$ cat data_11.cif   # mmCIF, C-alpha atoms
data_input
#
loop_
_atom_site.label_atom_id
_atom_site.label_comp_id
_atom_site.auth_asym_id
_atom_site.auth_seq_id
_atom_site.Cartn_x
_atom_site.Cartn_y
_atom_site.Cartn_z
CA VAL A 1 32.42 10.19 40.26
CA THR A 2 29.97 7.62 41.55
CA LYS A 3 26.29 8.28 41.79
CA THR A 4 24.56 7.31 44.98
CA ALA A 5 20.95 6.31 45.21
CA PRO A 6 18.62 8.80 46.88
CA PRO A 7 17.88 8.04 50.53
CA PRO A 8 14.74 6.05 51.28
CA PRO A 9 11.65 8.04 52.24
CA SER A 10 11.54 9.03 55.89
CA ARG A 11 8.88 7.54 58.14
CA LEU A 12 9.24 10.43 60.57
CA ALA A 13 8.93 13.21 58.01
CA PRO A 14 7.13 11.84 54.95
CA LEU A 15 6.89 13.93 51.83
CA PRO A 16 3.66 15.91 51.49
CA PRO A 17 1.10 14.28 49.21
CA GLN A 18 1.41 15.27 45.58
CA GLU A 19 -1.55 17.21 44.30
CA GLU A 20 -3.09 15.76 41.19
CA GLU A 21 -3.57 18.12 38.29
CA PRO A 22 -7.24 18.94 37.89
CA GLU A 23 -8.71 17.48 34.72
CA THR A 24 -9.34 20.23 32.24
CA PRO A 25 -12.51 20.09 30.18
CA PRO A 26 -12.02 19.45 26.49
CA PHE A 27 -11.74 22.42 24.17
CA PRO A 28 -14.84 23.12 22.12
CA SER A 29 -14.43 21.98 18.56
CA GLY A 30 -16.34 21.95 15.30
CA PHE A 31 -16.38 18.20 14.89
CA ASP A 32 -18.14 15.45 16.78
CA ILE A 33 -15.63 12.62 16.59
CA ALA A 34 -12.12 11.83 15.38
CA ILE A 35 -11.42 8.22 14.48
CA ARG A 36 -7.91 6.84 14.49
CA PHE A 37 -7.36 3.53 12.74
CA HIS A 38 -4.47 1.54 14.20
CA VAL A 39 -2.57 -0.50 11.64
CA ALA A 40 0.87 -2.03 12.07
CA PRO A 41 3.40 -0.35 9.74
CA GLU A 42 4.17 -3.62 7.89
CA LEU A 43 0.48 -4.30 7.25
CA SER A 44 -0.02 -0.71 6.12
CA ARG A 45 2.89 -1.09 3.70
CA ARG A 46 1.49 -4.33 2.24
CA ARG A 47 -1.95 -2.81 1.84
CA ALA A 48 -0.68 0.34 0.16
CA LEU A 49 1.86 -1.23 -2.15
CA GLY A 50 -0.41 -4.06 -3.26
CA ARG A 51 -3.11 -1.82 -4.78
CA LEU A 52 -3.53 -2.17 -8.54
CA ARG A 53 -5.60 -0.40 -11.18
CA ASP A 54 -6.40 -0.88 -14.84
CA PRO A 55 -5.03 2.10 -16.84
CA GLU A 56 -7.59 1.39 -19.60
CA ASN A 57 -10.46 1.60 -17.08
CA PRO A 58 -9.33 3.96 -14.29
CA GLU A 59 -12.89 4.33 -12.94
CA GLY A 60 -13.37 0.55 -12.92
CA PRO A 61 -12.79 -1.83 -10.05
CA GLY A 62 -9.51 -1.79 -8.21
CA TYR A 63 -7.52 -4.88 -7.35
CA HIS A 64 -5.01 -5.90 -4.75
CA LEU A 65 -2.17 -8.37 -5.10
CA GLU A 66 -2.91 -10.04 -1.78
CA TYR A 67 -6.54 -9.32 -0.85
CA ASP A 68 -8.41 -9.00 -4.16
CA PRO A 69 -6.33 -10.25 -7.10
CA PRO A 70 -7.56 -9.87 -10.68
CA PRO A 71 -9.46 -12.80 -12.19
CA GLU A 72 -7.08 -15.56 -13.28
CA GLU A 73 -8.96 -16.18 -16.53
CA ASP A 74 -8.28 -12.61 -17.76
CA SER A 75 -4.53 -12.69 -18.45
CA ASN A 76 -4.71 -9.47 -20.52
CA LEU A 77 -6.10 -7.59 -17.51
CA ALA A 78 -3.43 -8.99 -15.21
CA ALA A 79 -0.71 -7.98 -17.67
CA ARG A 80 -1.79 -4.35 -17.94
CA LEU A 81 -2.51 -3.67 -14.25
CA GLU A 82 -0.26 -1.11 -12.65
CA ARG A 83 0.33 0.08 -9.12
CA ALA A 84 -2.45 2.39 -7.96
CA GLY A 85 -1.99 5.62 -6.07
CA ASP A 86 0.43 8.47 -6.45
CA ALA A 87 2.85 8.56 -9.31
CA ASP A 88 5.58 8.48 -6.66
CA GLY A 89 3.83 5.78 -4.62
CA THR A 90 7.03 3.88 -4.13
CA GLU A 91 8.02 2.03 -1.01
CA ALA A 92 10.52 4.80 -0.17
CA GLN A 93 7.76 7.43 -0.37
CA LEU A 94 5.50 5.29 1.80
CA LEU A 95 8.26 4.90 4.39
CA THR A 96 8.77 8.67 4.41
CA ARG A 97 5.05 9.26 4.96
CA THR A 98 4.92 6.67 7.75
CA ALA A 99 7.96 8.19 9.47
CA THR A 100 6.43 11.67 9.23
CA TYR A 101 3.17 10.42 10.74
CA LEU A 102 5.01 8.70 13.60
CA GLU A 103 6.96 11.92 14.29
CA GLU A 104 3.79 14.03 14.28
CA ARG A 105 1.68 11.54 16.22
CA ILE A 106 2.80 12.85 19.63
CA ALA A 107 1.58 16.35 18.76
CA LEU A 108 -1.63 14.93 17.27
CA ASP A 109 -2.28 12.87 20.41
CA ALA A 110 -1.80 15.94 22.61
CA TRP A 111 -4.18 18.01 20.51
CA PHE A 112 -6.82 15.29 20.24
CA LYS A 113 -6.63 14.77 24.01
CA LYS A 114 -7.50 18.44 24.50
CA VAL A 115 -10.54 18.10 22.24
CA GLY A 116 -11.53 14.84 23.88
CA LYS A 117 -13.32 13.24 20.93
CA VAL A 118 -10.95 10.52 19.77
CA VAL A 119 -12.06 6.94 19.19
CA GLU A 120 -9.45 4.37 18.32
CA ILE A 121 -10.23 1.37 16.13
CA GLN A 122 -7.95 -1.57 15.47
CA ALA A 123 -7.86 -1.80 11.68
CA THR A 124 -5.78 -4.94 11.37
CA GLU A 125 -8.80 -7.21 10.81
CA ALA A 126 -10.69 -7.84 7.59
CA VAL A 127 -12.36 -4.86 5.93
CA GLU A 128 -15.82 -6.14 6.84
CA GLU A 129 -14.94 -6.39 10.56
CA VAL A 130 -13.35 -2.94 10.65
CA ALA A 131 -16.36 -1.49 8.80
CA ALA A 132 -18.73 -3.11 11.30
CA GLU A 133 -16.79 -1.65 14.23
CA LEU A 134 -16.75 1.75 12.52
CA ASP A 135 -20.53 1.62 11.94
CA GLU A 136 -21.08 0.67 15.59
CA THR A 137 -18.81 3.49 16.79
CA ILE A 138 -20.63 6.06 14.65
CA ALA A 139 -24.05 4.78 15.78
CA GLU A 140 -22.98 5.07 19.44
CA LYS A 141 -21.72 8.62 18.87
CA LYS A 142 -24.96 9.60 17.11
CA ALA A 143 -26.94 8.22 20.07
CA GLU A 144 -24.76 10.22 22.49
CA LEU A 145 -25.26 13.39 20.48
CA GLN A 146 -29.02 12.81 20.28
CA ALA A 147 -29.15 12.34 24.07
CA VAL A 148 -27.30 15.64 24.55
CA LYS A 149 -29.69 17.40 22.14
CA ASP A 150 -32.72 15.88 23.87
CA GLU A 151 -31.41 16.95 27.29
CA ALA A 152 -30.79 20.50 26.05
CA ALA A 153 -34.27 20.65 24.50
CA ALA A 154 -35.83 19.43 27.77
CA LYS A 155 -33.96 22.15 29.70
CA ILE A 156 -35.20 24.80 27.28
CA VAL A 157 -38.80 23.58 27.62
CA ALA A 158 -38.50 23.55 31.44
CA GLU A 159 -37.06 27.08 31.43
CA GLU A 160 -39.81 28.32 29.12
CA GLU A 161 -42.45 26.72 31.35
CA ALA A 162 -40.90 28.35 34.45
CA ILE A 163 -40.85 31.74 32.73
CA ALA A 164 -44.47 31.29 31.65
CA ALA A 165 -45.46 30.37 35.24
CA VAL A 166 -43.75 33.48 36.63
CA GLU A 167 -45.44 35.66 34.00
CA ALA A 168 -48.82 34.09 34.79
CA ALA A 169 -48.29 34.76 38.51
CA LYS A 170 -47.43 38.39 37.78
CA VAL A 171 -50.56 38.79 35.66
CA ALA A 172 -52.72 37.15 38.35
CA ALA A 173 -51.23 39.41 41.02
CA ALA A 174 -51.83 42.49 38.88
CA GLU A 175 -55.44 41.44 38.20
CA ALA A 176 -56.03 40.77 41.90
CA ALA A 177 -54.70 44.25 42.75
CA LEU A 178 -57.16 45.81 40.33
CA VAL A 179 -60.13 43.89 41.78
CA GLU A 180 -59.43 44.44 45.49
CA PRO A 181 -60.59 47.76 46.87
CA ALA A 182 -57.92 50.06 48.17
CA PRO A 183 -57.72 50.21 51.95
CA ALA A 184 -59.41 53.18 53.51
CA VAL A 185 -57.17 55.94 54.75
CA GLU A 186 -58.10 57.43 58.15
#

$ encode --input "data_11.cif" --output "structure tokens"
Amino acid sequence: VTKTAPPPPSRLAPLPPQEEEPETPPFPSGFDIAIRFHVAPELSRRRALGRLRDPENPEGPGYHLEYDPPPEEDSNLAARLERAGDADGTEAQLLTRTATYLEERIALDAWFKKVGKVVEIQATEAVEEVAAELDETIAEKKAELQAVKDEAAAKIVAEEEAIAAVEAAKVAAAEAALVEPAPAVE
């Protein structure tokens, strides 16, 4: 069985234009912004598996094999450092978590699209650069929210002023009716 290509579109009887789906407004939600940090899986693996902590000082500073190694002059510290994170923070566990996220990402993307509040940040740069972009993103969102609040407050003030003007007109009309003499009946 051979498959044949569909015939070319007809110039005499073209297909009707396809209607575009109307854009649905985002669902209301209880949060103002969702931030997704994009990191390549290999970089994520290196970052996660390189984290170290001092078991004698768990609240102390953390270290990283690649980005923030322990001081070279403190060989005792370097000898006792252990991998930070979960007890089962092995590479296999990290791969399982990454695979699960990648499987669930399609559903997450669909849901976030409905809420309409997703901002994506490339997190492959240095921590300082990613933090600066994050701060800028949050500042922009705060400014947007403040503008929405200011607009809503202005609408409320305008509505209250309109209601007050109508009430004042009613009072003036009622007072004028009391002052004017009633027309004579013949």

$ atom_distance --input "data_11.cif" --atom1 "atom CA of Leu49 of chain A" --atom2 "atom CA of Thr137 of chain A"
28.4 Å

$ residues_near_point --input "data_11.cif" --point "(-13.9, 18.0, 12.0)" --cutoff "12 Å" --atoms "all atoms listed in the file" --output "VMD selection string"
chain A and resid 28 to 35 112 115 117 to 118

$ resolve_selection --input "data_11.cif" --expression "the PyMOL selection byres ((chain A and resi 66) around 9)" --output "short mmCIF file (atom, residue, chain, number, x, y, z; two decimals) with C-alpha atoms, keeping the file's coordinate frame"
data_model
loop_
_atom_site.label_atom_id
_atom_site.label_comp_id
_atom_site.auth_asym_id
_atom_site.auth_seq_id
_atom_site.Cartn_x
_atom_site.Cartn_y
_atom_site.Cartn_z
CA ARG A 46 1.49 -4.33 2.24
CA ARG A 47 -1.95 -2.81 1.84
CA GLY A 50 -0.41 -4.06 -3.26
CA ARG A 51 -3.11 -1.82 -4.78
CA TYR A 63 -7.52 -4.88 -7.35
CA HIS A 64 -5.01 -5.90 -4.75
CA LEU A 65 -2.17 -8.37 -5.10
CA TYR A 67 -6.54 -9.32 -0.85
CA ASP A 68 -8.41 -9.00 -4.16
CA PRO A 69 -6.33 -10.25 -7.10
#

$ resolve_selection --input "data_11.cif" --expression "the PyMOL selection byres ((chain A and resi 53) around 12)" --output "JSON, numbers by chain"
{"A": [49, 50, 51, 52, 54, 55, 56, 57, 58, 59, 60, 61, 62, 63, 64, 65, 68, 69, 70, 77, 78, 79, 80, 81, 82, 83, 84, 85, 86]}

$ residues_around --input "data_11.cif" --residues "segment 94-96 of chain A" --least-positions-apart "4" --cutoff "10 Å" --atoms "all atoms listed in the file" --output "VMD selection string"
chain A and resid 41 44 to 45 48 to 49 88 to 90 100 to 102

$ atom_distance --input "data_11.cif" --atom1 "atom CA of Val119 of chain A" --atom2 "atom CA of Glu42 of chain A"
22.4 Å

$ residues_around --input "data_11.cif" --residues "Glu133 of chain A" --least-positions-apart "2" --cutoff "12 Å" --atoms "all atoms listed in the file" --output "list in words"
Ile35, Phe37, Val119, Glu120, Ile121, Gln122, Ala123, Thr124, Glu125, Ala126, Val127, Glu128, Glu129, Val130, Ala131, Asp135, Glu136, Thr137, Ile138, Ala139 and Glu140 of chain A

$ atom_distance --input "data_11.cif" --atom1 "atom CA of Ala164 of chain A" --atom2 "atom CA of Val148 of chain A"
24.3 Å

$ axis_aligned_box --input "data_11.cif" --around "segment 163-182 of chain A" --padding-each-side "3 Å" --output "AutoDock Vina command-line options"
--center_x -50.7 --center_y 40.2 --center_z 39.9 --size_x 25.7 --size_y 25.7 --size_z 22.5
